[in-house]
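Below is upload_13.txt, holding compact mmCIF, C-alpha atoms.
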# COMPACT_ATOMS: atom_id res chain seq x y z
CA MET O 2 -48.00 -3.06 5.23
CA ALA O 3 -49.87 -1.58 2.27
CA GLN O 4 -48.00 1.69 2.77
CA ARG O 5 -44.62 -0.11 2.79
CA ARG O 6 -45.53 -2.07 -0.37
CA ALA O 7 -46.50 1.14 -2.11
CA CYS O 8 -43.22 2.76 -1.08
CA LEU O 9 -41.24 -0.17 -2.44
CA LEU O 10 -42.97 0.28 -5.78
CA VAL O 11 -41.98 3.95 -5.71
CA LEU O 12 -38.41 3.00 -4.85
CA ARG O 13 -38.14 0.60 -7.76
CA HIS O 14 -39.57 3.24 -10.06
CA LEU O 15 -36.88 5.64 -8.85
CA GLY O 16 -34.16 3.07 -9.40
CA PHE O 17 -33.63 1.91 -5.80
CA SER O 18 -34.00 -1.80 -6.62
CA SER O 19 -32.19 -4.05 -4.17
CA GLN O 20 -31.55 -6.58 -6.91
CA ARG O 21 -28.09 -6.84 -8.42
CA ARG O 22 -27.45 -4.27 -11.10
CA ARG O 23 -24.84 -4.88 -13.73
CA LEU O 24 -24.04 -1.86 -15.86
CA SER O 25 -23.93 -4.02 -18.97
CA ALA O 26 -23.79 -7.65 -19.87
CA GLY O 27 -20.31 -9.06 -19.49
CA SER O 28 -19.02 -6.37 -17.13
CA GLY O 29 -17.25 -7.14 -13.87
CA LEU O 30 -13.94 -8.51 -12.72
CA LEU O 31 -14.16 -12.05 -14.17
CA PRO O 32 -15.06 -10.93 -17.72
CA GLU O 33 -12.32 -8.28 -17.61
CA TYR O 34 -9.73 -10.85 -16.54
CA MET O 35 -10.78 -13.24 -19.31
CA LYS O 36 -10.60 -10.43 -21.90
CA LEU O 37 -6.98 -9.80 -20.93
CA VAL O 38 -6.25 -13.51 -21.31
CA GLU O 39 -7.94 -13.65 -24.72
CA LYS O 40 -5.98 -10.60 -25.92
CA GLN O 41 -2.80 -12.33 -24.65
CA LYS O 42 -1.96 -9.38 -22.42
CA ILE O 43 -1.65 -11.78 -19.49
CA ARG O 44 -1.18 -15.53 -19.17
CA ARG O 45 -4.04 -17.56 -17.75
CA ASP O 46 -3.11 -18.54 -14.20
CA GLU O 47 -5.46 -20.99 -12.48
CA ARG O 48 -4.45 -19.76 -9.02
CA GLN O 49 -5.22 -16.19 -10.01
CA LEU O 50 -8.47 -17.29 -11.65
CA GLY O 51 -9.62 -18.88 -8.40
CA VAL O 52 -9.07 -15.56 -6.59
CA VAL O 53 -10.77 -13.64 -9.42
CA LYS O 54 -13.92 -15.74 -9.01
CA ARG O 55 -14.02 -15.03 -5.27
CA LEU O 56 -13.50 -11.32 -5.89
CA GLN O 57 -16.28 -11.41 -8.49
CA THR O 58 -18.61 -12.87 -5.86
CA LEU O 59 -17.59 -10.05 -3.52
CA GLN O 60 -18.34 -7.49 -6.24
CA ASP O 61 -21.84 -8.94 -6.63
CA GLU O 62 -22.39 -8.81 -2.87
CA ILE O 63 -21.20 -5.20 -2.71
CA GLU O 64 -23.62 -4.17 -5.48
CA SER O 65 -26.51 -5.89 -3.74
CA TYR O 66 -25.49 -4.41 -0.38
CA GLU O 67 -25.15 -0.90 -1.82
CA GLY O 68 -28.63 -1.10 -3.35
CA SER O 69 -30.27 -2.42 -0.18
CA ARG O 70 -28.43 0.19 1.92
CA ARG O 71 -29.80 2.99 -0.24
CA GLU O 72 -33.28 1.49 -0.04
CA SER O 73 -33.21 1.06 3.74
CA SER O 74 -31.84 4.60 4.16
CA PHE O 75 -34.69 5.99 2.05
CA LEU O 76 -37.30 4.04 4.03
CA ALA O 77 -35.76 5.19 7.32
CA LYS O 78 -36.20 8.82 6.30
CA LEU O 79 -39.69 8.16 4.96
CA PHE O 80 -40.96 6.45 8.11
CA ARG O 81 -38.76 8.51 10.49
CA ARG O 82 -37.19 5.49 12.07
CA SER O 83 -33.73 3.95 12.19
CA SER O 84 -33.07 1.60 9.29
CA ASP O 85 -32.15 -2.03 9.61
CA SER O 86 -28.97 -1.98 7.58
CA SER O 87 -28.05 -5.05 5.59
CA ARG O 88 -25.16 -7.11 6.77
CA VAL O 89 -21.95 -5.64 5.40
CA PRO O 90 -20.23 -8.10 3.04
CA LYS O 91 -17.03 -9.61 4.32
CA GLY O 92 -13.97 -8.00 2.83
CA MET O 93 -10.92 -9.86 1.60
CA TYR O 94 -7.35 -10.08 2.86
CA LEU O 95 -5.25 -11.41 -0.03
CA HIS O 96 -1.76 -12.57 0.89
CA GLY O 97 0.97 -14.55 -0.81
CA SER O 98 4.43 -14.57 -2.29
CA VAL O 99 5.94 -11.55 -4.01
CA GLY O 100 5.15 -11.06 -7.67
CA SER O 101 2.19 -13.46 -7.66
CA GLY O 102 -0.23 -10.81 -8.93
CA LYS O 103 -1.97 -9.64 -5.75
CA THR O 104 -1.79 -5.93 -6.55
CA PHE O 105 -2.76 -6.57 -10.18
CA LEU O 106 -5.91 -8.45 -9.13
CA MET O 107 -6.85 -5.84 -6.53
CA ASP O 108 -6.44 -3.04 -9.09
CA LEU O 109 -8.58 -4.99 -11.58
CA PHE O 110 -11.19 -5.45 -8.86
CA PHE O 111 -11.08 -1.74 -8.05
CA THR O 112 -11.44 -0.49 -11.62
CA SER O 113 -14.28 -2.92 -12.44
CA CYS O 114 -16.21 -2.20 -9.23
CA VAL O 115 -19.24 -0.12 -10.27
CA THR O 116 -19.73 1.82 -7.04
CA PRO O 117 -18.40 5.39 -7.25
CA GLN O 118 -17.73 5.32 -3.51
CA LYS O 119 -14.37 3.59 -3.60
CA ARG O 120 -10.78 4.37 -2.70
CA ARG O 121 -7.51 2.65 -3.56
CA VAL O 122 -4.40 3.61 -1.59
CA HIS O 123 -1.08 2.18 -0.39
CA PHE O 124 -1.31 1.12 3.26
CA ASN O 125 1.61 3.33 4.36
CA GLN O 126 0.04 6.38 2.74
CA PHE O 127 -3.36 5.56 4.25
CA MET O 128 -1.98 5.32 7.79
CA LEU O 129 -0.05 8.57 7.38
CA ASP O 130 -3.33 10.22 6.42
CA VAL O 131 -5.13 8.66 9.42
CA HIS O 132 -2.47 9.84 11.89
CA ALA O 133 -2.51 13.34 10.35
CA ARG O 134 -6.31 13.55 10.70
CA ILE O 135 -6.18 12.33 14.30
CA HIS O 136 -3.52 14.94 15.09
CA GLN O 137 -5.60 17.72 13.50
CA LEU O 138 -8.74 16.68 15.41
CA LYS O 139 -6.93 16.62 18.75
CA LYS O 140 -5.30 19.96 18.05
CA ALA O 141 -8.55 21.62 16.95
CA SER O 142 -10.79 20.19 19.66
CA GLY O 143 -8.89 19.99 22.93
CA ASP O 144 -11.79 17.90 24.29
CA ARG O 145 -10.42 14.59 25.53
CA ARG O 146 -13.91 13.07 25.52
CA ILE O 147 -13.97 13.12 21.70
CA ASP O 148 -13.01 9.80 20.10
CA PRO O 149 -10.76 10.82 17.16
CA LEU O 150 -10.72 7.27 15.77
CA LEU O 151 -14.51 7.30 15.51
CA SER O 152 -14.52 10.71 13.83
CA VAL O 153 -11.82 9.77 11.30
CA SER O 154 -13.44 6.40 10.54
CA ARG O 155 -16.72 8.19 9.79
CA GLU O 156 -14.90 10.62 7.50
CA VAL O 157 -13.36 7.73 5.56
CA ALA O 158 -16.68 5.83 5.45
CA SER O 159 -18.53 8.90 4.12
CA THR O 160 -16.56 8.75 0.86
CA ALA O 161 -15.57 5.08 0.54
CA LEU O 162 -17.92 2.12 0.63
CA VAL O 163 -15.02 0.05 -0.74
CA LEU O 164 -11.49 0.61 0.58
CA CYS O 165 -8.61 -1.13 -1.22
CA LEU O 166 -5.32 -1.17 0.72
CA ASP O 167 -2.17 -2.31 -1.07
CA GLU O 168 0.83 -3.81 0.75
CA PHE O 169 -0.72 -4.16 4.19
CA GLN O 170 2.19 -4.43 6.60
CA VAL O 171 2.68 -3.35 10.18
CA THR O 172 6.16 -2.33 11.31
CA ASP O 173 5.31 0.85 13.22
CA VAL O 174 4.22 0.56 16.85
CA ALA O 175 2.01 3.66 16.47
CA ASP O 176 0.06 1.92 13.68
CA ALA O 177 -0.12 -1.32 15.64
CA MET O 178 -1.68 0.34 18.68
CA ILE O 179 -4.60 1.98 16.83
CA LEU O 180 -5.40 -0.57 14.10
CA ARG O 181 -7.87 -2.68 16.07
CA HIS O 182 -9.98 0.21 17.36
CA PHE O 183 -9.82 2.16 14.11
CA PHE O 184 -10.70 -0.74 11.81
CA ALA O 185 -13.48 -1.94 14.14
CA ARG O 186 -15.11 1.48 13.80
CA LEU O 187 -14.43 1.56 10.06
CA LEU O 188 -16.04 -1.85 9.46
CA ASP O 189 -18.97 -1.03 11.75
CA ALA O 190 -19.55 2.06 9.60
CA GLY O 191 -20.21 -0.26 6.64
CA VAL O 192 -16.86 -0.09 4.79
CA VAL O 193 -15.77 -3.17 2.83
CA VAL O 194 -11.98 -3.59 3.01
CA VAL O 195 -9.95 -5.42 0.37
CA ALA O 196 -6.24 -5.64 1.20
CA THR O 197 -3.10 -7.24 -0.21
CA SER O 198 -0.10 -8.33 1.82
CA ASN O 199 2.94 -10.57 1.73
CA ARG O 200 2.12 -11.63 5.27
CA ALA O 201 -0.53 -14.04 6.52
CA PRO O 202 -2.62 -12.33 9.24
CA ARG O 203 -0.90 -14.08 12.15
CA GLU O 204 2.48 -13.10 10.71
CA LEU O 205 1.68 -9.39 10.83
CA TYR O 206 3.78 -7.40 13.30
CA LYS O 207 5.33 -10.65 14.47
CA ASN O 208 7.51 -10.11 17.57
CA GLY O 209 6.76 -6.38 17.49
CA LEU O 210 6.64 -4.12 20.51
CA GLN O 211 3.46 -4.59 22.61
CA HIS O 212 2.38 -7.43 20.30
CA ARG O 213 -0.26 -8.67 22.75
CA GLN O 214 -2.17 -5.43 22.30
CA PHE O 215 -2.08 -6.01 18.55
CA GLU O 216 -3.49 -9.56 18.68
CA PRO O 217 -7.18 -8.46 18.92
CA PHE O 218 -6.76 -6.77 15.53
CA ILE O 219 -5.72 -10.10 14.01
CA GLU O 220 -8.87 -11.72 15.39
CA LEU O 221 -10.94 -8.83 13.98
CA LEU O 222 -9.32 -9.36 10.58
CA LEU O 223 -10.02 -13.09 10.64
CA ASP O 224 -13.65 -12.46 11.61
CA ARG O 225 -14.50 -9.64 9.18
CA CYS O 226 -12.48 -10.58 6.09
CA ASP O 227 -12.10 -13.72 3.98
CA ILE O 228 -8.45 -14.73 4.19
CA VAL O 229 -7.22 -15.85 0.76
CA GLU O 230 -3.73 -17.01 -0.14
CA LEU O 231 -2.40 -16.49 -3.66
CA SER O 232 0.65 -18.64 -4.18
CA SER O 233 2.46 -18.86 -7.47
CA LYS O 234 5.61 -20.51 -8.70
CA ASP O 235 6.12 -17.51 -11.00
CA ASP O 236 7.17 -14.00 -10.04
CA TYR O 237 5.55 -11.95 -12.80
CA ARG O 238 7.61 -8.89 -11.93
CA ARG O 239 10.84 -10.62 -12.79
CA SER O 240 9.96 -11.65 -16.33
CA LYS O 241 11.72 -9.81 -19.16
CA VAL O 242 13.65 -7.49 -16.85
CA PRO O 243 16.67 -5.77 -18.48
CA SER O 244 19.30 -3.96 -16.41
CA SER O 245 18.97 -0.63 -18.26
CA SER O 246 18.56 1.56 -15.17
CA TYR O 247 20.41 -0.51 -12.57
CA VAL O 248 24.15 0.13 -12.51
CA ILE O 249 26.42 -2.09 -10.42
CA SER O 250 29.14 0.23 -9.18
CA SER O 251 30.57 1.26 -5.83
CA GLU O 252 32.18 4.40 -7.26
CA ARG O 253 30.99 7.77 -6.00
CA GLY O 254 29.53 9.79 -8.86
CA ALA O 255 28.45 6.70 -10.80
CA LEU O 256 25.16 8.38 -11.81
CA GLU O 257 26.47 11.87 -12.51
CA GLY O 258 26.66 11.16 -16.24
CA ILE O 259 23.08 9.87 -16.36
CA PHE O 260 21.84 12.85 -14.33
CA SER O 261 23.57 15.17 -16.81
CA TRP O 262 21.83 13.32 -19.63
CA PHE O 263 18.44 13.93 -17.99
CA CYS O 264 19.31 17.62 -17.63
CA GLN O 265 20.26 17.82 -21.32
CA GLN O 266 16.80 16.56 -22.25
CA GLN O 267 15.36 19.64 -20.52
CA PRO O 268 17.28 22.60 -21.97
CA SER O 269 14.95 25.15 -20.38
CA ALA O 270 15.37 23.69 -16.86
CA LYS O 271 18.27 24.53 -14.61
CA ARG O 272 20.20 22.42 -12.12
CA GLU O 273 19.53 23.64 -8.60
CA MET O 274 19.11 22.80 -4.96
CA ARG O 275 15.46 22.68 -3.84
CA THR O 276 13.44 22.00 -0.72
CA VAL O 277 10.15 20.11 -0.47
CA PRO O 278 7.68 21.00 2.33
CA VAL O 279 6.59 18.12 4.60
CA LEU O 280 4.24 18.67 7.54
CA GLY O 281 5.65 22.07 8.51
CA ARG O 282 9.29 21.29 7.78
CA GLU O 283 11.43 20.87 4.67
CA VAL O 284 13.33 18.04 3.00
CA LYS O 285 16.39 19.07 1.02
CA VAL O 286 16.77 18.02 -2.63
CA PRO O 287 20.46 18.84 -3.19
CA ARG O 288 20.65 18.14 -6.95
CA CYS O 289 17.51 18.76 -8.97
CA CYS O 290 16.59 19.58 -12.57
CA ASP O 291 12.89 20.31 -12.90
CA ARG O 292 11.21 17.04 -11.76
CA VAL O 293 14.37 14.89 -11.87
CA ALA O 294 16.62 14.59 -8.81
CA LEU O 295 19.84 12.84 -7.83
CA PHE O 296 20.30 11.60 -4.26
CA THR O 297 22.92 9.53 -2.52
CA PHE O 298 21.88 6.57 -0.39
CA GLU O 299 23.17 8.42 2.66
CA GLU O 300 20.94 11.44 1.97
CA LEU O 301 17.74 9.39 1.90
CA CYS O 302 18.38 6.30 4.02
CA LEU O 303 20.86 7.41 6.68
CA GLU O 304 19.00 10.59 7.59
CA ALA O 305 15.97 10.76 9.91
CA LEU O 306 13.44 10.49 7.08
CA GLY O 307 10.27 8.43 6.90
CA ALA O 308 7.26 7.56 4.76
CA ALA O 309 5.82 11.10 4.85
CA ASP O 310 9.09 12.53 3.51
CA PHE O 311 9.38 9.93 0.74
CA LEU O 312 5.75 10.47 -0.27
CA ALA O 313 6.32 14.23 -0.50
CA LEU O 314 9.37 13.65 -2.72
CA ALA O 315 7.37 11.26 -4.92
CA ASN O 316 4.67 13.92 -5.34
CA HIS O 317 7.21 16.52 -6.46
CA LEU O 318 9.48 14.36 -8.64
CA ASP O 319 8.96 12.15 -11.69
CA VAL O 320 12.41 10.53 -11.72
CA ILE O 321 14.77 9.79 -8.83
CA LEU O 322 18.37 8.70 -9.27
CA LEU O 323 19.68 6.91 -6.17
CA GLU O 324 23.43 6.56 -5.99
CA GLY O 325 25.63 4.35 -3.84
CA VAL O 326 23.22 1.70 -2.51
CA PRO O 327 25.44 -0.59 -0.41
CA ARG O 328 25.11 -4.14 0.86
CA MET O 329 22.94 -3.23 3.81
CA ARG O 330 24.05 -4.05 7.32
CA ASP O 331 22.20 -1.25 9.11
CA ARG O 332 18.61 -2.06 10.08
CA ALA O 333 17.35 1.52 10.22
CA ALA O 334 18.78 2.19 6.76
CA ALA O 335 17.29 -1.05 5.44
CA ARG O 336 13.84 -0.14 6.74
CA ARG O 337 14.02 3.31 5.14
CA PHE O 338 15.18 1.77 1.86
CA ILE O 339 12.25 -0.68 1.90
CA THR O 340 9.77 2.13 2.61
CA LEU O 341 11.32 4.32 -0.09
CA ILE O 342 11.03 1.64 -2.79
CA ASP O 343 7.45 0.80 -1.75
CA ILE O 344 6.38 4.44 -2.10
CA LEU O 345 8.23 5.13 -5.36
CA TYR O 346 6.76 1.96 -6.84
CA ASP O 347 3.22 2.79 -5.74
CA GLN O 348 3.53 6.35 -7.09
CA ARG O 349 5.03 5.07 -10.40
CA VAL O 350 8.15 7.20 -10.05
CA GLY O 351 10.97 6.42 -12.50
CA LEU O 352 14.00 5.05 -10.63
CA VAL O 353 17.66 4.77 -11.60
CA VAL O 354 20.01 3.07 -9.12
CA SER O 355 23.71 2.51 -8.72
CA ALA O 356 24.44 -0.25 -6.22
CA GLU O 357 27.34 -2.22 -4.83
CA ALA O 358 25.76 -5.52 -5.88
CA PRO O 359 22.76 -7.00 -7.73
CA ALA O 360 19.43 -6.44 -5.98
CA LYS O 361 19.29 -10.03 -4.66
CA ALA O 362 22.60 -9.59 -2.85
CA LEU O 363 22.01 -6.20 -1.20
CA PHE O 364 20.52 -7.32 2.08
CA GLU O 365 23.02 -8.82 4.53
CA MET O 366 22.08 -8.48 8.17
CA GLN O 367 24.38 -9.71 10.90
CA GLN O 368 24.22 -8.76 14.54
CA SER O 369 27.35 -8.25 16.61
CA ASP O 370 27.63 -9.06 20.32
CA HIS O 371 27.76 -5.32 20.98
CA GLU O 372 24.47 -4.77 19.11
CA LEU O 373 22.83 -7.60 21.00
CA ASP O 374 23.95 -6.08 24.32
CA THR O 375 22.61 -2.69 23.23
CA HIS O 376 19.27 -4.19 22.24
CA ARG O 377 19.01 -6.10 25.52
CA ALA O 378 19.63 -2.84 27.38
CA LEU O 379 16.91 -1.16 25.34
CA ALA O 380 14.53 -4.04 26.06
CA ASP O 381 15.25 -3.67 29.78
CA ASP O 382 14.61 0.07 29.59
CA LEU O 383 11.28 -0.59 27.88
CA ARG O 384 10.50 -3.42 30.34
CA LEU O 385 9.90 -5.83 27.47
CA SER O 386 11.19 -9.31 28.15
CA ASP O 387 10.47 -10.74 24.70
CA SER O 388 11.57 -7.92 22.40
CA ILE O 389 15.05 -9.16 21.42
CA SER O 390 13.54 -10.85 18.35
CA LEU O 391 12.26 -7.46 17.21
CA PHE O 392 15.83 -6.64 16.24
CA SER O 393 16.55 -9.97 14.56
CA GLY O 394 15.95 -8.64 11.05
CA GLU O 395 13.16 -11.16 10.35
CA GLU O 396 10.64 -8.51 9.32
CA GLU O 397 13.20 -6.72 7.16
CA LEU O 398 14.24 -9.98 5.46
CA PHE O 399 10.64 -10.75 4.58
CA ALA O 400 9.94 -7.23 3.32
CA PHE O 401 13.19 -7.10 1.39
CA ASP O 402 12.15 -10.07 -0.74
CA ARG O 403 9.28 -7.89 -1.96
CA THR O 404 11.68 -4.97 -2.42
CA VAL O 405 14.05 -7.03 -4.58
CA SER O 406 11.13 -8.08 -6.77
CA ARG O 407 9.96 -4.50 -7.12
CA LEU O 408 13.45 -3.21 -7.87
CA GLU O 409 13.81 -5.69 -10.69
CA GLU O 410 10.43 -4.72 -12.11
CA MET O 411 11.15 -1.00 -11.81
CA HIS O 412 14.27 -1.40 -13.91
CA GLY O 413 12.41 -3.12 -16.70
CA THR O 414 11.23 -1.35 -19.85
CA LYS O 415 7.57 -2.17 -19.16
CA TYR O 416 7.58 -0.33 -15.80
CA TRP O 417 9.58 2.58 -17.18
CA SER O 418 7.26 3.09 -20.14
CA ALA O 419 4.26 3.25 -17.77
CA SER O 420 6.01 5.34 -15.11
CA ARG O 421 6.12 9.10 -14.74
CA GLY O 422 9.61 8.98 -16.22
CA ALA O 423 8.29 7.67 -19.55
CA ALA O 424 8.89 11.05 -21.22
CA PHE O 425 12.60 10.23 -21.09
CA PRO O 426 13.53 7.41 -23.51
CA LEU O 427 16.00 5.80 -21.14
CA GLY O 428 17.51 2.70 -22.74
CA GLN O 429 20.64 0.62 -22.65
CA GLU O 430 22.82 3.54 -23.80
CA GLY O 431 21.46 5.89 -21.18
CA ALA O 432 22.25 3.55 -18.32
CA GLN O 433 25.74 2.44 -19.13
Translate this structure into structure tokens?
Amino acid sequence: MAQRRACLLVLRHLGFSSQRRRLSAGSGLLPEYMKLVEKQKIRRDERQLGVVKRLQTLQDEIESYEGSRRESSFLAKLFRRSSDSSRVPKGMYLHGSVGSGKTFLMDLFFTSCVTPQKRRVHFNQFMLDVHARIHQLKKASGDRRIDPLLSVSREVASTALVLCLDEFQVTDVADAMILRHFFARLLDAGVVVVATSNRAPRELYKNGLQHRQFEPFIELLLDRCDIVELSSKDDYRRSKVPSSSYVISSERGALEGIFSWFCQQQPSAKREMRTVPVLGREVKVPRCCDRVALFTFEELCLEALGAADFLALANHLDVILLEGVPRMRDRAAARRFITLIDILYDQRVGLVVSAEAPAKALFEMQQSDHELDTHRALADDLRLSDSISLFSGEEELFAFDRTVSRLEEMHGTKYWSASRGAAFPLGQEGAQ
């Protein structure tokens, strides 16, 4: 006992105090939020403020947990015994309507969190990384006894005590099948997860393939995270949104003039066709001028492209012009379009669009008798009696509401001035 007391004194002298440690008075999420209100950069929102206070409590718990974890780890090494780790704080799953400020609050939480062991990433990008690591482990090892989910979860936990996941959504059956086992290992490794979503937990992957195998993940989420709803009558993305980079036109070549304008702003760059490497293959960029590219809707949304391809394009381009967006009646195209907008938005890529109709009117899904027969045949082939609703468009309709909101924000001056396309002073004249 005397030895342990002496060691604790040494620990405190070395800075391993388990008490909460604020970097300076007035730091943290709540003070930062109130500063923004006082400077009139944001409007005080009581619903948001309620969430901010809960996130502030979580920040305090994380700081206390991090300190006690360091202390118990030190003692374990000193006494050559396994440490009794403190209980990991519950994370938070923040869901609600589009444009209510979920991502804004999570980003504020992330930047004001004092631990250096933190990571903020879009959920789609995170899962792509997880699948890639699993594939590499399996390829390198060849030993079926190795649990790749355990190995990858430990890799993630080694660099991130706090993991912030934006736009948590499950539409891919491959993601759905590994989420429970992967996140159980991740949380057991001591990671605190904070996620945003437009879906309540029990609405995730609703009516998806093999949904019963996904249900244990929902229970895990409910048990290990505080579930918080942020509802708001306001959609903050849709305030003060001009139509400067959204052209309503069904004519082919509607964006050629704007693309030429971008090229003129870069006299030393040349127009060319380029390819972008993606996981051992290449995605064609048919019309490119330095880091600005023009695509048709068909080239991006009617081809067999996915999140990995769109992320690679976003990493290589600062501005994307997307021409000929139709009123969508094809589900595969709609899903690709939703994924594309999510990734471009998260990567702050400048976006110029020509579309057949305003954003609110783009999504029209109707199912013919022939399609229903085809889907029933597919369900029979897969031996899934309840999968017809998977093709009903419900998930796409929900996700598209978020996409409409993001499209309208992306075509506002505030987004453009903060995007990677800000070097180009695109205004009303440039978009007409």
| query | Which polymer residues have any atom within 8 Å of an atom of Ser232 of chain O, counting only C-alpha atoms, with same-chain residues fewer than 5 positions away left out, as a list in words? | reply |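 Residues meeting the cut-off are Arg48, Gly97, Ser98 and Ser101 of chain O.
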| message | I'd like the interatomic distance between atom CA of Leu150 of chain O and atom CA of Leu188 of chain O, to a tenth of an Å. | response |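 Atom-to-atom, atom CA of Leu150 of chain O and atom CA of Leu188 of chain O are spaced 12.3 Å apart.
Distance cut-off 12 Å, centre (-2.1, 9.7, 16.4), atoms counted all atoms listed in the file; the residues meeting this are Met128, Leu129, Asp130, Val131, His132, Ala133, Arg134, Ile135, His136, Gln137, Leu138, Lys139, Lys140, Asp148, Pro149, Leu150, Val153, Asp173, Val174, Ala175, Asp176, Ala177, Met178, Ile179, Leu180 and Phe183 of chain O.
The gap separating atom CA of His96 of chain O from atom CA of Ala201 of chain O is 5.9 Å, in Å to one decimal.
Using only C-alpha atoms, the shortest contact distance between Arg328 of chain O and any of O:Val89, O:Leu345, O:Met107, O:Ile249 is found at O:Ile249.
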| query | What is the distance, in Å and to one decimal place, between atom CA of Leu210 of chain O and atom CA of Asp343 of chain O? | reply | 22.8 Å
| Any idea what's packed within 8 Å of Met411 of chain O, counting only C-alpha atoms, ignoring anything in its chain fewer than 2 positions away? Could you give it as an MDAnalysis selection string? | chainID O and resid 346 351:352 407:409 413 416:417
Keeping C-alpha atoms for every residue in the selection just given, could you write it to a file as a JSON list (two decimals), in the coordinates of the input?
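Generated file (selection_20.json):
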[["chain", "number", "residue", "atom", "x", "y", "z"],
["O", 346, "TYR", "CA", 6.76, 1.96, -6.84],
["O", 351, "GLY", "CA", 10.97, 6.42, -12.50],
["O", 352, "LEU", "CA", 14.00, 5.05, -10.63],
["O", 407, "ARG", "CA", 9.96, -4.50, -7.12],
["O", 408, "LEU", "CA", 13.45, -3.21, -7.87],
["O", 409, "GLU", "CA", 13.81, -5.69, -10.69],
["O", 413, "GLY", "CA", 12.41, -3.12, -16.70],
["O", 416, "TYR", "CA", 7.58, -0.33, -15.80],
["O", 417, "TRP", "CA", 9.58, 2.58, -17.18]]
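Candidate residues O:Gly209, O:Gly100, O:Pro327, O:Gly51 were compared for distance to Thr172 of chain O, and the nearest is O:Gly209, using all atoms listed in the file.
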| field | Exercise: residues within 12 Å of coordinate (-14.9, -3.5, -8.7), counting all atoms listed in the file, as an NGL selection string | value | :O and (23-24 or 28-34 or 53 or 56-64 or 106-121 or 162-165 or 193 or 195)
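The neighbours of Glu220 of chain O here are the residues that come within 9 Å of it, using all atoms listed in the file and leaving out any residue fewer than 5 positions away in the same chain; they are Pro202, Arg203 and Arg225 of chain O.
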Output requested as a JSON list (two decimals), in the coordinates of the input - segment 336-348 of chain O, filled out with N, CA and C atoms.
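Done, and the output landed in out27.json:
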[["chain", "number", "residue", "atom", "x", "y", "z"],
["O", 336, "ARG", "N", 15.27, -0.42, 6.63],
["O", 336, "ARG", "CA", 13.84, -0.14, 6.74],
["O", 336, "ARG", "C", 13.47, 1.08, 5.91],
["O", 337, "ARG", "N", 14.31, 2.12, 5.95],
["O", 337, "ARG", "CA", 14.02, 3.31, 5.14],
["O", 337, "ARG", "C", 14.08, 2.97, 3.65],
["O", 338, "PHE", "N", 15.04, 2.16, 3.27],
["O", 338, "PHE", "CA", 15.18, 1.77, 1.86],
["O", 338, "PHE", "C", 13.94, 1.02, 1.39],
["O", 339, "ILE", "N", 13.46, 0.09, 2.22],
["O", 339, "ILE", "CA", 12.25, -0.68, 1.90],
["O", 339, "ILE", "C", 11.05, 0.25, 1.74],
["O", 340, "THR", "N", 10.88, 1.17, 2.67],
["O", 340, "THR", "CA", 9.77, 2.13, 2.61],
["O", 340, "THR", "C", 9.88, 3.02, 1.38],
["O", 341, "LEU", "N", 11.09, 3.47, 1.08],
["O", 341, "LEU", "CA", 11.32, 4.32, -0.09],
["O", 341, "LEU", "C", 10.90, 3.62, -1.38],
["O", 342, "ILE", "N", 11.35, 2.38, -1.56],
["O", 342, "ILE", "CA", 11.03, 1.64, -2.79],
["O", 342, "ILE", "C", 9.53, 1.38, -2.88],
["O", 343, "ASP", "N", 8.90, 1.03, -1.76],
["O", 343, "ASP", "CA", 7.45, 0.80, -1.75],
["O", 343, "ASP", "C", 6.70, 2.04, -2.25],
["O", 344, "ILE", "N", 7.09, 3.21, -1.75],
["O", 344, "ILE", "CA", 6.38, 4.44, -2.10],
["O", 344, "ILE", "C", 6.66, 4.85, -3.55],
["O", 345, "LEU", "N", 7.91, 4.77, -3.97],
["O", 345, "LEU", "CA", 8.23, 5.13, -5.36],
["O", 345, "LEU", "C", 7.52, 4.21, -6.34],
["O", 346, "TYR", "N", 7.44, 2.93, -5.99],
["O", 346, "TYR", "CA", 6.76, 1.96, -6.84],
["O", 346, "TYR", "C", 5.27, 2.27, -6.92],
["O", 347, "ASP", "N", 4.66, 2.52, -5.78],
["O", 347, "ASP", "CA", 3.22, 2.79, -5.74],
["O", 347, "ASP", "C", 2.87, 4.08, -6.48],
["O", 348, "GLN", "N", 3.78, 5.07, -6.44],
["O", 348, "GLN", "CA", 3.53, 6.35, -7.09],
["O", 348, "GLN", "C", 4.03, 6.36, -8.54]]
